[in-house]
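Next comes start28.pdb, with PDB, C-alpha atoms and all ligand atoms.
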ATOM      1  CA  MET A   1       0.000   0.000   0.000
ATOM      2  CA  GLU A   2       1.304   3.430  -0.919
ATOM      3  CA  ARG A   3       0.512   6.724   0.730
ATOM      4  CA  THR A   4       1.004  10.242  -0.549
ATOM      5  CA  ASP A   5       1.868  12.922   1.987
ATOM      6  CA  THR A   6       1.020  16.614   1.765
ATOM      7  CA  ASN A   7       4.172  17.288  -0.262
ATOM      8  CA  GLY A   8       3.128  14.756  -2.884
ATOM      9  CA  ASN A   9       5.834  12.337  -1.831
ATOM     10  CA  LYS A  10       4.976   8.682  -2.182
ATOM     11  CA  TYR A  11       6.290   6.233   0.339
ATOM     12  CA  LYS A  12       5.479   2.760   1.518
ATOM     13  CA  ASP A  13       3.021   2.441   4.340
ATOM     14  CA  MET A  14       4.896   2.273   7.628
ATOM     15  CA  PRO A  15       2.370   2.251  10.485
ATOM     16  CA  LYS A  16       4.987   2.760  13.206
ATOM     17  CA  LEU A  17       6.175   6.010  11.631
ATOM     18  CA  GLN A  18       2.796   7.593  10.922
ATOM     19  CA  TYR A  19       3.053  10.015  13.819
ATOM     20  CA  VAL A  20       6.375  11.468  12.648
ATOM     21  CA  SER A  21       6.056  14.854  10.969
ATOM     22  CA  VAL A  22       6.448  14.728   7.190
ATOM     23  CA  THR A  23       8.752  17.745   7.405
ATOM     24  CA  LEU A  24      11.471  15.489   8.841
ATOM     25  CA  CYS A  25      11.745  13.433   5.651
ATOM     26  CA  THR A  26      15.012  14.167   3.850
ATOM     27  CA  CYS A  27      14.456  11.750   0.942
ATOM     28  CA  GLU A  28      13.048  14.273  -1.508
ATOM     29  CA  ARG A  29      15.252  17.268  -0.830
ATOM     30  CA  PRO A  30      16.747  18.930  -3.929
ATOM     31  CA  GLN A  31      20.274  18.506  -5.248
ATOM     32  CA  THR A  32      22.679  20.902  -3.620
ATOM     33  CA  THR A  33      26.396  21.537  -3.333
ATOM     34  CA  VAL A  34      28.475  19.283  -1.120
ATOM     35  CA  PHE A  35      31.568  20.534   0.646
ATOM     36  CA  CYS A  36      34.349  18.197   1.792
ATOM     37  CA  ARG A  37      35.694  19.296   5.157
ATOM     38  CA  THR A  38      38.901  17.321   4.613
ATOM     39  CA  CYS A  39      40.140  18.668   1.246
ATOM     40  CA  SER A  40      37.735  21.630   0.722
ATOM     41  CA  ASN A  41      36.471  20.073  -2.508
ATOM     42  CA  LEU A  42      33.090  21.324  -3.750
ATOM     43  CA  PHE A  43      30.883  19.159  -5.945
ATOM     44  CA  PRO A  44      27.195  19.050  -6.945
ATOM     45  CA  GLY A  45      24.884  16.480  -5.424
ATOM     46  CA  ARG A  46      23.794  15.528  -1.928
ATOM     47  CA  ALA A  47      25.584  14.150   1.072
ATOM     48  CA  ARG A  48      24.115  10.847   2.202
ATOM     49  CA  ILE A  49      21.879  11.538   5.170
ATOM     50  CA  ARG A  50      19.800   8.908   6.917
ATOM     51  CA  CYS A  51      16.184   9.987   6.648
ATOM     52  CA  PRO A  52      14.554  10.148  10.092
ATOM     53  CA  GLN A  53      11.351   8.778   8.608
ATOM     54  CA  HIS A  54      12.856   6.165   6.325
ATOM     55  CA  PRO A  55      16.105   5.050   8.031
ATOM     56  CA  LYS A  56      16.230   1.835   5.991
ATOM     57  CA  ILE A  57      16.193   3.622   2.648
ATOM     58  CA  ILE A  58      19.677   4.169   1.194
ATOM     59  CA  HIS A  59      19.987   6.781  -1.531
ATOM     60  CA  LEU A  60      22.598   5.300  -3.837
ATOM     61  CA  MET A  61      22.978   8.509  -5.846
ATOM     62  CA  ASP A  62      23.927  10.481  -2.762
ATOM     63  CA  HIS A  63      27.571  10.911  -1.844
ATOM     64  CA  ASN A  64      28.841   8.900   1.074
ATOM     65  CA  THR A  65      32.433  10.007   0.583
ATOM     66  CA  CYS A  66      34.315  12.768  -1.208
ATOM     67  CA  PRO A  67      35.122  11.734  -4.835
ATOM     68  CA  SER A  68      38.512  13.394  -4.490
ATOM     69  CA  CYS A  69      39.910  12.235  -1.140
ATOM     70  CA  PHE A  70      37.257   9.666  -0.064
ATOM     71  CA  SER A  71      36.681  11.412   3.247
ATOM     72  CA  SER A  72      33.240  10.971   4.765
ATOM     73  CA  LYS A  73      33.325  14.408   6.379
ATOM     74  CA  LEU A  74      30.865  15.954   3.978
ATOM     75  CA  LYS A  75      28.633  18.954   4.496
ATOM     76  CA  GLU A  76      25.803  20.203   2.305
ATOM     77  CA  ILE A  77      25.898  23.885   1.409
ATOM     78  CA  VAL A  78      22.409  25.325   0.905
TER      79      VAL A  78
HETATM   80 ZN    ZN B 101      12.231   9.915   3.874
HETATM   81 ZN    ZN B 102      37.733  15.544  -0.023
END
Output the file's structure as structure tokens, nothing else.
Amino acid sequence: MERTDTNGNKYKDMPKLQYVSVTLCTCERPQTTVFCRTCSNLFPGRARIRCPQHPKIIHLMDHNTCPSCFSSKLKEIV
């Protein structure tokens, strides 16, 4: 069963998480610029953040490490 929240985001029905505010979901945030705190590299995309609502969902397109130095100390710049 699929639900659609007020932002139009579709997600699988998870009864235990129904009470969590939809504003906490980080799955659908836009692409941004990621800053590496180790080598100061800047690159487009998103840093991998565990969604408070969907902690089991892994976003494979998001950056877990810096493509230049492979540090995991990444920070999104809004
Ligand atoms: Zn989410
Ligand atoms: Zn780096």
Enumerate, in order of chain and increasing residue number, the residues of chain A with an atom no farther than 9 Å from ligand ZN 102 (chain B), each with its shortest atom pair and distance in Å to one decimal, counting only C-alpha atoms and all ligand atoms, as JSON lines.
{"residue": "A:Phe35", "atom": "CA", "partner": "B:ZN102", "partner_atom": "ZN", "distance": 8.0}
{"residue": "A:Cys36", "atom": "CA", "partner": "B:ZN102", "partner_atom": "ZN", "distance": 4.7}
{"residue": "A:Arg37", "atom": "CA", "partner": "B:ZN102", "partner_atom": "ZN", "distance": 6.7}
{"residue": "A:Thr38", "atom": "CA", "partner": "B:ZN102", "partner_atom": "ZN", "distance": 5.1}
{"residue": "A:Cys39", "atom": "CA", "partner": "B:ZN102", "partner_atom": "ZN", "distance": 4.1}
{"residue": "A:Ser40", "atom": "CA", "partner": "B:ZN102", "partner_atom": "ZN", "distance": 6.1}
{"residue": "A:Asn41", "atom": "CA", "partner": "B:ZN102", "partner_atom": "ZN", "distance": 5.3}
{"residue": "A:Leu42", "atom": "CA", "partner": "B:ZN102", "partner_atom": "ZN", "distance": 8.3}
{"residue": "A:Thr65", "atom": "CA", "partner": "B:ZN102", "partner_atom": "ZN", "distance": 7.7}
{"residue": "A:Cys66", "atom": "CA", "partner": "B:ZN102", "partner_atom": "ZN", "distance": 4.6}
{"residue": "A:Pro67", "atom": "CA", "partner": "B:ZN102", "partner_atom": "ZN", "distance": 6.7}
{"residue": "A:Ser68", "atom": "CA", "partner": "B:ZN102", "partner_atom": "ZN", "distance": 5.0}
{"residue": "A:Cys69", "atom": "CA", "partner": "B:ZN102", "partner_atom": "ZN", "distance": 4.1}
{"residue": "A:Phe70", "atom": "CA", "partner": "B:ZN102", "partner_atom": "ZN", "distance": 5.9}
{"residue": "A:Ser71", "atom": "CA", "partner": "B:ZN102", "partner_atom": "ZN", "distance": 5.4}
{"residue": "A:Ser72", "atom": "CA", "partner": "B:ZN102", "partner_atom": "ZN", "distance": 8.0}
{"residue": "A:Lys73", "atom": "CA", "partner": "B:ZN102", "partner_atom": "ZN", "distance": 7.9}
{"residue": "A:Leu74", "atom": "CA", "partner": "B:ZN102", "partner_atom": "ZN", "distance": 8.0}
Per-residue nearest contacts chain A to ligand ZN 101 (chain B), cut-off 9 Å, using all atoms listed in the file, as a tab-separated table:
residue	atom	partner	partner_atom	distance
A:Asn9	CA	B:ZN101	ZN	8.9
A:Tyr11	CA	B:ZN101	ZN	7.8
A:Val22	CA	B:ZN101	ZN	8.2
A:Leu24	CA	B:ZN101	ZN	7.5
A:Cys25	CA	B:ZN101	ZN	4.0
A:Thr26	CA	B:ZN101	ZN	5.1
A:Cys27	CA	B:ZN101	ZN	4.1
A:Glu28	CA	B:ZN101	ZN	7.0
A:Arg50	CA	B:ZN101	ZN	8.2
A:Cys51	CA	B:ZN101	ZN	4.8
A:Pro52	CA	B:ZN101	ZN	6.6
A:Gln53	CA	B:ZN101	ZN	4.9
A:His54	CA	B:ZN101	ZN	4.5
A:Pro55	CA	B:ZN101	ZN	7.5
A:Ile57	CA	B:ZN101	ZN	7.5
Could you write out as AutoDock Vina command-line options the box around region 55-60 of chain A (axis-aligned, all atoms listed in the file, 4 Å on each side), with centre and edge lengths in Å to one decimal?
--center_x 19.4 --center_y 4.3 --center_z 2.1 --size_x 14.5 --size_y 12.9 --size_z 19.9
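One finds CA of Thr6 (chain A) at 22.7 Å from CA of Thr32 (chain A).
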